[in-house]
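Student: Before I ask anything, let me first share the structure, which is written out below as structure tokens.
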Amino acid sequence: MSHNISIVISFIIYLALMMAIGIYYYRRTQNISDYILGSRGLGAWVTSMSAEASDMSGWMLMGVPGAAYVAGLSSAWIAVGIAIGTYANWKIMAARLRKYSEIAGDSLTLPDFFQNRYHDKSNLLRIIPAIFILIFFIIYTSSGFVSGGKLFETIFGMNYTYAVLLGAGVVVFYTLTGGFLAVCTTDFVQGVMMFLAILIVPIAATIALGGFGTAVTAIGSLSPTMFAPMTNPDGSTLTFIELISLLGWGIGYFGQPHILVRFMAIKSSKELTQAMHIAMTWVVISLAAAVFVGMVGHAYLTTPLTGTNTETVFLVLTNELFSPFVVGLIMASVLAAIMSTASAQLLVAASAFSKDFYAAVIKKDASSSELVWVSRISVLVISAIAITLALNPNSLILDIVAYAWAGFGAAFGPALLASLFWRRATRNGVLAGIIVGGVTVLVWKQLALLGLYEIIPGFIFSAIAIYVVSMMDKEPSKEIVETFDKVDESEI
């Protein structure tokens, strides 16, 4: 009983801090720009930590270790793809998106940017992307609620349904109240907590096993395939399709709205280099540690984990290695990972509805304060749908994330790259790419063709559609081209 009380105290301290941040920024949120993008006022540290905390989520502390627990180093190809994709996103996309989104009518959302970039009068470049954002973010957010459910179920023995509702309730509270600034500030705190937790747990387990050399020997003796990066757990060789499917996670970064919006919100593009260095240090160390958590857990835990329980290896290790109060703090970091991403996703999805549906189609003369309240109501509705999807306790976190990740990567990645870097890209070409990419992922996932991760065909077909339709279309107007050329010259 005292064990649980110590953990509860740690959780209460953490949750009270997060809610206090939400209330504080509730008082500072005056308009829709504050609520959606923080009036473009983020510094390098908050931008970098917020981007990575909202990116990694519970799947870094639960999904990746679970995969490594089963497959060892062969699962690390996901981490390699993610690290490369993260770097490419910061290096290629960040600065130009920051500049162009402000030059293009001070765009606050990705659909907003697409419409303003091509001067689209039909609203299709706003509405179609918003539809895909709502579809895939409902799926993505449900993965966070599944993570929260597994966390509270594992630690407190709670009923899974109640556990999901508890975790979701906290996320909804501070997203609902504080908006973007609350989400980014809590992301900074949560990013630090996640980083410390993912380092402390494998180090403690390694020491408990007798040191690094002893731990490596123990891992290898239990399963000879654990240190074979090209070998599956059943002893078969990793195929080319399996390898590119794992590495393919990297290309998804070019289309993730909840990450890209952080680039749009930084004070100046000049701060992005420092932010990138901070972010990459965090990502590389954290992902390497996450893989090792699963591998060392394989050796340390005497009772094997099976099925969806493999994704609780980080939680189980923590419970066995530390005192109750420390367990509470580390578990709070898991909740932090879950909350940081779920809140970011809820905010982007709500923004898509309020700014890109409500203001564009339903009530074009809606005031800024009205849009803030529409966004907040949208958070509640989207959360309710995501919670419903999360109520299946047999859901694998990594599988859910992979589906939504592919949807965004294929629908928006090629479209954004073309919009930012190809002056010949046209409105119809980009619209075709968004539709083809998103639909390909939805269809390919159901058919499970060739065992290939759906982001690969989705991204390729989207890029082809953009090129073919743009080349068949008439050239963009002089005004669009001139604006495109001004972006590199700007000092924003």
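Residues in the structure tokens are numbered from 1 in each chain, the chains being A, B, ... in the order shown, and ligands are numbered from 1 in the order shown.
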Tell me, as a ChimeraX atom specification, which residues lie within 7 Å of Pro65 (chain A), counting only C-alpha atoms; anything in the same chain fewer than 3 positions away does not count.

Tutor: /A:61-62,68-69,290-291,293-294,311,313-314

Student: Please identify all polymer residues within 12 Å of Ser221 (chain A), counting only C-alpha atoms, omitting same-chain residues fewer than 5 positions from it, and present them as a PDB file with N, CA, C and O atoms, in the first residue's frame.

Tutor:
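Saved file around.pdb follows:
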ATOM      1  N   THR A 214      29.117  -7.848 -18.545  1.00  0.00           N
ATOM      2  CA  THR A 214      28.274  -8.949 -18.059  1.00  0.00           C
ATOM      3  C   THR A 214      26.881  -8.877 -18.678  1.00  0.00           C
ATOM      4  O   THR A 214      26.302  -9.907 -19.046  1.00  0.00           O
ATOM      5  N   ALA A 215      26.351  -7.646 -18.795  1.00  0.00           N
ATOM      6  CA  ALA A 215      25.021  -7.475 -19.379  1.00  0.00           C
ATOM      7  C   ALA A 215      25.001  -7.921 -20.834  1.00  0.00           C
ATOM      8  O   ALA A 215      24.077  -8.616 -21.277  1.00  0.00           O
ATOM      9  N   VAL A 216      26.020  -7.535 -21.593  1.00  0.00           N
ATOM     10  CA  VAL A 216      26.106  -7.921 -23.003  1.00  0.00           C
ATOM     11  C   VAL A 216      26.184  -9.446 -23.142  1.00  0.00           C
ATOM     12  O   VAL A 216      25.517 -10.050 -23.993  1.00  0.00           O
ATOM     13  N   MET A 226      19.979 -11.460 -30.774  1.00  0.00           N
ATOM     14  CA  MET A 226      19.783 -10.120 -30.209  1.00  0.00           C
ATOM     15  C   MET A 226      20.800  -9.111 -30.722  1.00  0.00           C
ATOM     16  O   MET A 226      20.507  -7.929 -30.842  1.00  0.00           O
ATOM     17  N   PHE A 227      22.020  -9.569 -31.021  1.00  0.00           N
ATOM     18  CA  PHE A 227      23.064  -8.660 -31.505  1.00  0.00           C
ATOM     19  C   PHE A 227      23.311  -8.803 -33.005  1.00  0.00           C
ATOM     20  O   PHE A 227      24.348  -8.371 -33.503  1.00  0.00           O
ATOM     21  N   MET A 295      16.680  -4.552 -24.827  1.00  0.00           N
ATOM     22  CA  MET A 295      17.663  -5.649 -24.850  1.00  0.00           C
ATOM     23  C   MET A 295      18.121  -6.048 -23.445  1.00  0.00           C
ATOM     24  O   MET A 295      18.199  -7.222 -23.116  1.00  0.00           O
ATOM     25  N   VAL A 296      18.416  -5.054 -22.606  1.00  0.00           N
ATOM     26  CA  VAL A 296      18.845  -5.371 -21.253  1.00  0.00           C
ATOM     27  C   VAL A 296      17.679  -5.920 -20.432  1.00  0.00           C
ATOM     28  O   VAL A 296      17.858  -6.761 -19.539  1.00  0.00           O
ATOM     29  N   HIS A 298      15.466  -7.883 -21.606  1.00  0.00           N
ATOM     30  CA  HIS A 298      15.392  -9.286 -22.020  1.00  0.00           C
ATOM     31  C   HIS A 298      16.257 -10.156 -21.106  1.00  0.00           C
ATOM     32  O   HIS A 298      15.901 -11.294 -20.779  1.00  0.00           O
ATOM     33  N   ALA A 299      17.402  -9.613 -20.698  1.00  0.00           N
ATOM     34  CA  ALA A 299      18.324 -10.368 -19.848  1.00  0.00           C
ATOM     35  C   ALA A 299      17.966 -10.253 -18.367  1.00  0.00           C
ATOM     36  O   ALA A 299      18.131 -11.206 -17.602  1.00  0.00           O
TER      37      ALA A 299
END

Student: Kindly give the distance, in Å, that separates CA of Ile138 (chain A) and CA of Leu108 (chain A), rounded to a single decimal.

Tutor: 20.3 Å

Student: Mind listing the alpha helix (DSSP H) residues of region 246-329 of chain A, per DSSP on the backbone, as a VMD selection string?

Tutor: chain A and resid 246 to 247 257 to 265 272 to 300 313 to 321 324 to 329

Student: Which polymer residues have any atom within 12 Å of an atom of region 153-160 of chain A, counting only C-alpha atoms, with same-chain residues fewer than 2 positions away left out, as a tab-separated table (two decimals) with C-alpha atoms, in the first residue's frame?

Tutor:
chain	number	residue	atom	x	y	z
A	1	MET	CA	0.00	0.00	0.00
A	3	HIS	CA	4.48	1.55	-2.41
A	4	ASN	CA	1.44	2.81	-4.29
A	5	ILE	CA	1.08	5.88	-2.06
A	6	SER	CA	4.65	6.99	-2.84
A	7	ILE	CA	4.02	6.60	-6.56
A	8	VAL	CA	0.70	8.45	-6.30
A	11	PHE	CA	2.21	11.56	-9.96
A	145	PHE	CA	-4.36	7.07	-24.78
A	146	VAL	CA	-3.50	3.36	-25.17
A	147	SER	CA	-0.04	4.14	-23.74
A	148	GLY	CA	-1.62	5.94	-20.80
A	149	GLY	CA	-4.00	3.05	-20.20
A	150	LYS	CA	-1.15	0.52	-20.15
A	151	LEU	CA	0.84	2.77	-17.82
A	162	TYR	CA	-10.59	3.71	-16.22
A	163	ALA	CA	-6.84	3.99	-16.81
A	164	VAL	CA	-7.40	5.30	-20.34
A	165	LEU	CA	-9.96	7.83	-19.13
A	166	LEU	CA	-7.65	9.12	-16.38
A	167	GLY	CA	-4.68	9.67	-18.68
A	309	ASN	CA	2.97	-6.93	-22.62
A	310	THR	CA	6.38	-6.68	-24.32
A	311	GLU	CA	5.69	-2.94	-24.60
A	312	THR	CA	5.68	-2.67	-20.79
A	313	VAL	CA	9.35	-3.74	-20.45
A	314	PHE	CA	10.40	-0.20	-19.46
A	315	LEU	CA	7.65	-0.03	-16.84
A	316	VAL	CA	8.38	-3.48	-15.39
A	317	LEU	CA	12.14	-2.80	-15.22
A	318	THR	CA	11.49	0.48	-13.42
A	319	ASN	CA	9.26	-1.22	-10.86
A	320	GLU	CA	11.92	-3.82	-10.06
A	324	PRO	CA	8.62	3.64	-4.91
A	327	VAL	CA	9.41	4.75	-9.60
A	328	GLY	CA	6.73	7.42	-9.41
A	330	ILE	CA	10.13	7.80	-13.76
A	331	MET	CA	6.57	6.71	-14.45
A	332	ALA	CA	5.60	10.37	-14.52
A	334	VAL	CA	6.32	8.04	-19.26
A	335	LEU	CA	3.09	9.91	-18.72
A	387	ILE	CA	-10.67	7.46	-26.39
A	390	ALA	CA	-8.16	3.36	-27.44
A	391	LEU	CA	-10.47	1.19	-25.34
A	392	ASN	CA	-9.18	-2.03	-26.96
A	393	PRO	CA	-6.53	-3.30	-24.47
A	394	ASN	CA	-4.95	-5.55	-27.11
A	395	SER	CA	-3.80	-2.62	-29.25

Student: So that I can see what lies close to Arg126 (chain A), please list as a count of residues only the residues with an atom at most 10 Å from it, counting only C-alpha atoms and leaving out residues fewer than 5 positions away in the same chain.

Tutor: 18

Student: Quick one: pull the distance between CA of Ala366 (chain A) and CA of Ser351 (chain A), Å, one decimal.

Tutor: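 Straight-line distance from CA of Ala366 (chain A) to CA of Ser351 (chain A) works out to 13.9 Å.
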
Student: Using only C-alpha atoms, which protein or nucleic acid residues come within 12 Å of Val439 (chain A)? Drop anything in the same chain fewer than 4 positions from it, and give the result as a list in words.

Tutor: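 In the requested form, the answer reads Ile128, Pro129, Ile131, Phe132, Ile135, Phe136, Ala406, Gly407, Phe408, Ala410, Ala411, Phe412, Ala432, Gly433, Ile434, Ile435, Val443, Trp444, Lys445, Gln446, Glu454, Ile455, Pro457, Gly458, Phe459, Phe461 and Ser462 of chain A.
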
Student: Filtering to N, CA, C and O atoms, could you give me those residues as a short mmCIF file (atom, residue, chain, number, x, y, z; two decimals), in the first residue's frame?

Tutor:
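File produced: selection.cif:
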data_model
loop_
_atom_site.label_atom_id
_atom_site.label_comp_id
_atom_site.auth_asym_id
_atom_site.auth_seq_id
_atom_site.Cartn_x
_atom_site.Cartn_y
_atom_site.Cartn_z
N ILE A 128 -9.25 19.59 -47.85
CA ILE A 128 -8.76 18.21 -48.04
C ILE A 128 -7.65 17.87 -47.05
O ILE A 128 -7.71 16.83 -46.38
N PRO A 129 -6.60 18.72 -46.90
CA PRO A 129 -5.59 18.43 -45.88
C PRO A 129 -6.17 18.34 -44.47
O PRO A 129 -5.75 17.50 -43.67
N ILE A 131 -9.09 17.31 -43.61
CA ILE A 131 -9.76 16.01 -43.47
C ILE A 131 -8.76 14.93 -43.09
O ILE A 131 -8.98 14.14 -42.16
N PHE A 132 -7.62 14.89 -43.79
CA PHE A 132 -6.60 13.89 -43.48
C PHE A 132 -5.99 14.12 -42.09
O PHE A 132 -5.67 13.17 -41.38
N ILE A 135 -8.51 12.65 -39.65
CA ILE A 135 -8.53 11.17 -39.70
C ILE A 135 -7.32 10.59 -38.98
O ILE A 135 -7.44 9.75 -38.07
N PHE A 136 -6.13 11.03 -39.41
CA PHE A 136 -4.92 10.38 -38.89
C PHE A 136 -4.56 10.83 -37.48
O PHE A 136 -3.95 10.07 -36.72
N ALA A 406 2.50 7.00 -41.21
CA ALA A 406 2.52 6.79 -42.67
C ALA A 406 1.52 7.71 -43.36
O ALA A 406 1.82 8.28 -44.42
N GLY A 407 0.35 7.88 -42.76
CA GLY A 407 -0.67 8.72 -43.37
C GLY A 407 -0.20 10.16 -43.55
O GLY A 407 -0.34 10.75 -44.63
N PHE A 408 0.38 10.72 -42.49
CA PHE A 408 0.88 12.09 -42.58
C PHE A 408 2.09 12.20 -43.50
O PHE A 408 2.20 13.14 -44.28
N ALA A 410 2.99 10.41 -46.06
CA ALA A 410 2.68 10.25 -47.48
C ALA A 410 1.78 11.38 -48.00
O ALA A 410 1.95 11.85 -49.13
N ALA A 411 0.82 11.81 -47.19
CA ALA A 411 -0.11 12.85 -47.65
C ALA A 411 0.56 14.22 -47.73
O ALA A 411 0.35 14.97 -48.69
N PHE A 412 1.38 14.56 -46.73
CA PHE A 412 1.91 15.91 -46.65
C PHE A 412 3.39 16.06 -46.97
O PHE A 412 3.83 17.14 -47.36
N ALA A 432 -3.41 16.90 -55.81
CA ALA A 432 -3.39 15.50 -56.25
C ALA A 432 -2.46 14.67 -55.39
O ALA A 432 -2.78 13.53 -55.01
N GLY A 433 -1.29 15.24 -55.06
CA GLY A 433 -0.33 14.51 -54.23
C GLY A 433 -0.87 14.21 -52.85
O GLY A 433 -0.66 13.12 -52.31
N ILE A 434 -1.54 15.18 -52.24
CA ILE A 434 -2.11 14.98 -50.91
C ILE A 434 -3.16 13.87 -50.93
O ILE A 434 -3.16 12.97 -50.07
N ILE A 435 -4.03 13.91 -51.92
CA ILE A 435 -5.09 12.90 -52.01
C ILE A 435 -4.51 11.51 -52.29
O ILE A 435 -4.86 10.53 -51.62
N VAL A 443 -5.57 2.52 -48.17
CA VAL A 443 -5.85 1.30 -48.93
C VAL A 443 -4.77 0.25 -48.70
O VAL A 443 -5.06 -0.92 -48.44
N TRP A 444 -3.50 0.67 -48.81
CA TRP A 444 -2.37 -0.27 -48.67
C TRP A 444 -2.37 -0.95 -47.31
O TRP A 444 -2.07 -2.14 -47.19
N LYS A 445 -2.72 -0.20 -46.27
CA LYS A 445 -2.77 -0.75 -44.92
C LYS A 445 -3.78 -1.88 -44.82
O LYS A 445 -3.52 -2.92 -44.17
N GLN A 446 -4.92 -1.72 -45.47
CA GLN A 446 -5.96 -2.76 -45.40
C GLN A 446 -5.57 -4.00 -46.20
O GLN A 446 -5.89 -5.12 -45.81
N GLU A 454 3.35 0.93 -45.50
CA GLU A 454 2.52 1.72 -46.41
C GLU A 454 3.05 3.12 -46.69
O GLU A 454 2.65 3.74 -47.68
N ILE A 455 3.96 3.62 -45.88
CA ILE A 455 4.49 4.96 -46.13
C ILE A 455 5.34 4.99 -47.41
O ILE A 455 5.40 6.00 -48.11
N PRO A 457 5.07 3.17 -50.51
CA PRO A 457 4.28 3.41 -51.73
C PRO A 457 3.50 4.71 -51.68
O PRO A 457 3.35 5.39 -52.69
N GLY A 458 3.01 5.07 -50.49
CA GLY A 458 2.25 6.31 -50.36
C GLY A 458 3.09 7.52 -50.72
O GLY A 458 2.64 8.41 -51.45
N PHE A 459 4.32 7.58 -50.22
CA PHE A 459 5.21 8.70 -50.49
C PHE A 459 5.59 8.75 -51.98
O PHE A 459 5.57 9.83 -52.59
N PHE A 461 4.00 7.36 -54.67
CA PHE A 461 2.86 7.66 -55.53
C PHE A 461 2.44 9.13 -55.41
O PHE A 461 2.03 9.76 -56.39
N SER A 462 2.54 9.68 -54.20
CA SER A 462 2.21 11.09 -53.99
C SER A 462 3.17 11.98 -54.78
O SER A 462 2.74 12.93 -55.45
#

Student: So that I can see what lies close to region 94-107 of chain A, please list as a PyMOL selection string the residues with an atom at most 7 Å from it, counting only C-alpha atoms and leaving out residues fewer than 4 positions away in the same chain.

Tutor: chain A and resi 89-90+112-113+116-117+263-264+269+272+420+487+492

Student: Please produce a file of those selected residues containing C-alpha atoms, as a tab-separated table (two decimals), in the first residue's frame.

Tutor:
chain	number	residue	atom	x	y	z
A	89	ASN	CA	13.64	17.56	-41.30
A	90	TRP	CA	15.54	20.17	-39.26
A	112	ASP	CA	-3.62	27.44	-44.17
A	113	PHE	CA	-0.14	27.44	-45.71
A	116	ASN	CA	-2.08	30.80	-49.11
A	117	ARG	CA	0.94	29.42	-50.97
A	263	PHE	CA	9.31	25.18	-36.91
A	264	MET	CA	6.61	27.67	-37.82
A	269	SER	CA	14.81	31.07	-38.54
A	272	LEU	CA	16.97	26.95	-35.90
A	420	LEU	CA	8.82	24.74	-50.44
A	487	VAL	CA	11.67	33.32	-49.31
A	492	ILE	CA	12.53	36.30	-40.85

Student: Write out as a list in words each polymer residue whose atoms come within 10 Å of Ala88 (chain A), counting only C-alpha atoms; drop sequence neighbours fewer than 6 positions from it.

Tutor: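 The contact residues come out as Ile82, Ala94, Gly250, Ile251, Tyr253 and Phe254 of chain A.
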
Student: Go ahead and save the picked residues with N, CA, C and O atoms, as a PDB file, in the first residue's frame.

Tutor:
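Resulting contents of selection_31.pdb:
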ATOM      1  N   ILE A  82      14.578   6.978 -37.962  1.00  0.00           N
ATOM      2  CA  ILE A  82      14.044   8.133 -37.248  1.00  0.00           C
ATOM      3  C   ILE A  82      15.114   9.202 -37.050  1.00  0.00           C
ATOM      4  O   ILE A  82      14.863  10.399 -37.241  1.00  0.00           O
ATOM      5  N   ALA A  94      13.006  23.088 -41.933  1.00  0.00           N
ATOM      6  CA  ALA A  94      12.669  24.016 -40.853  1.00  0.00           C
ATOM      7  C   ALA A  94      12.743  25.493 -41.251  1.00  0.00           C
ATOM      8  O   ALA A  94      11.768  26.232 -41.091  1.00  0.00           O
ATOM      9  N   GLY A 250      11.794   7.234 -41.456  1.00  0.00           N
ATOM     10  CA  GLY A 250      12.492   8.510 -41.568  1.00  0.00           C
ATOM     11  C   GLY A 250      11.830   9.504 -42.502  1.00  0.00           C
ATOM     12  O   GLY A 250      11.787  10.704 -42.212  1.00  0.00           O
ATOM     13  N   ILE A 251      11.301   9.019 -43.641  1.00  0.00           N
ATOM     14  CA  ILE A 251      10.708   9.957 -44.602  1.00  0.00           C
ATOM     15  C   ILE A 251       9.379  10.518 -44.104  1.00  0.00           C
ATOM     16  O   ILE A 251       8.873  11.508 -44.641  1.00  0.00           O
ATOM     17  N   TYR A 253       8.910  12.155 -41.491  1.00  0.00           N
ATOM     18  CA  TYR A 253       9.084  13.436 -40.793  1.00  0.00           C
ATOM     19  C   TYR A 253       8.679  14.634 -41.623  1.00  0.00           C
ATOM     20  O   TYR A 253       8.242  15.650 -41.088  1.00  0.00           O
ATOM     21  N   PHE A 254       8.815  14.534 -42.949  1.00  0.00           N
ATOM     22  CA  PHE A 254       8.519  15.685 -43.797  1.00  0.00           C
ATOM     23  C   PHE A 254       7.038  16.061 -43.787  1.00  0.00           C
ATOM     24  O   PHE A 254       6.678  17.114 -44.293  1.00  0.00           O
TER      25      PHE A 254
END

Student: So, counting only C-alpha atoms, which residue among A:Thr47, A:Arg424, A:Leu222, A:His119 is closest to Val261 (chain A)?

Tutor: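 Between A:Thr47, A:Arg424, A:Leu222, A:His119, the residue approaching Val261 (chain A) most closely is A:Thr47.
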
Student: With only C-alpha atoms as the atoms that count, which of A:Ile78, A:Leu73, A:Ala386, A:Leu15 lies nearest to Ile244 (chain A)?

Tutor: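 Checking each of A:Ile78, A:Leu73, A:Ala386, A:Leu15 against Ile244 (chain A), counting only C-alpha atoms, the winner is A:Ile78.
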
Student: CA of Gly438 (chain A) and CA of Ala418 (chain A), how far apart in Å?

Tutor: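 Between CA of Ala418 (chain A) and CA of Gly438 (chain A) the gap is 16.1 Å.
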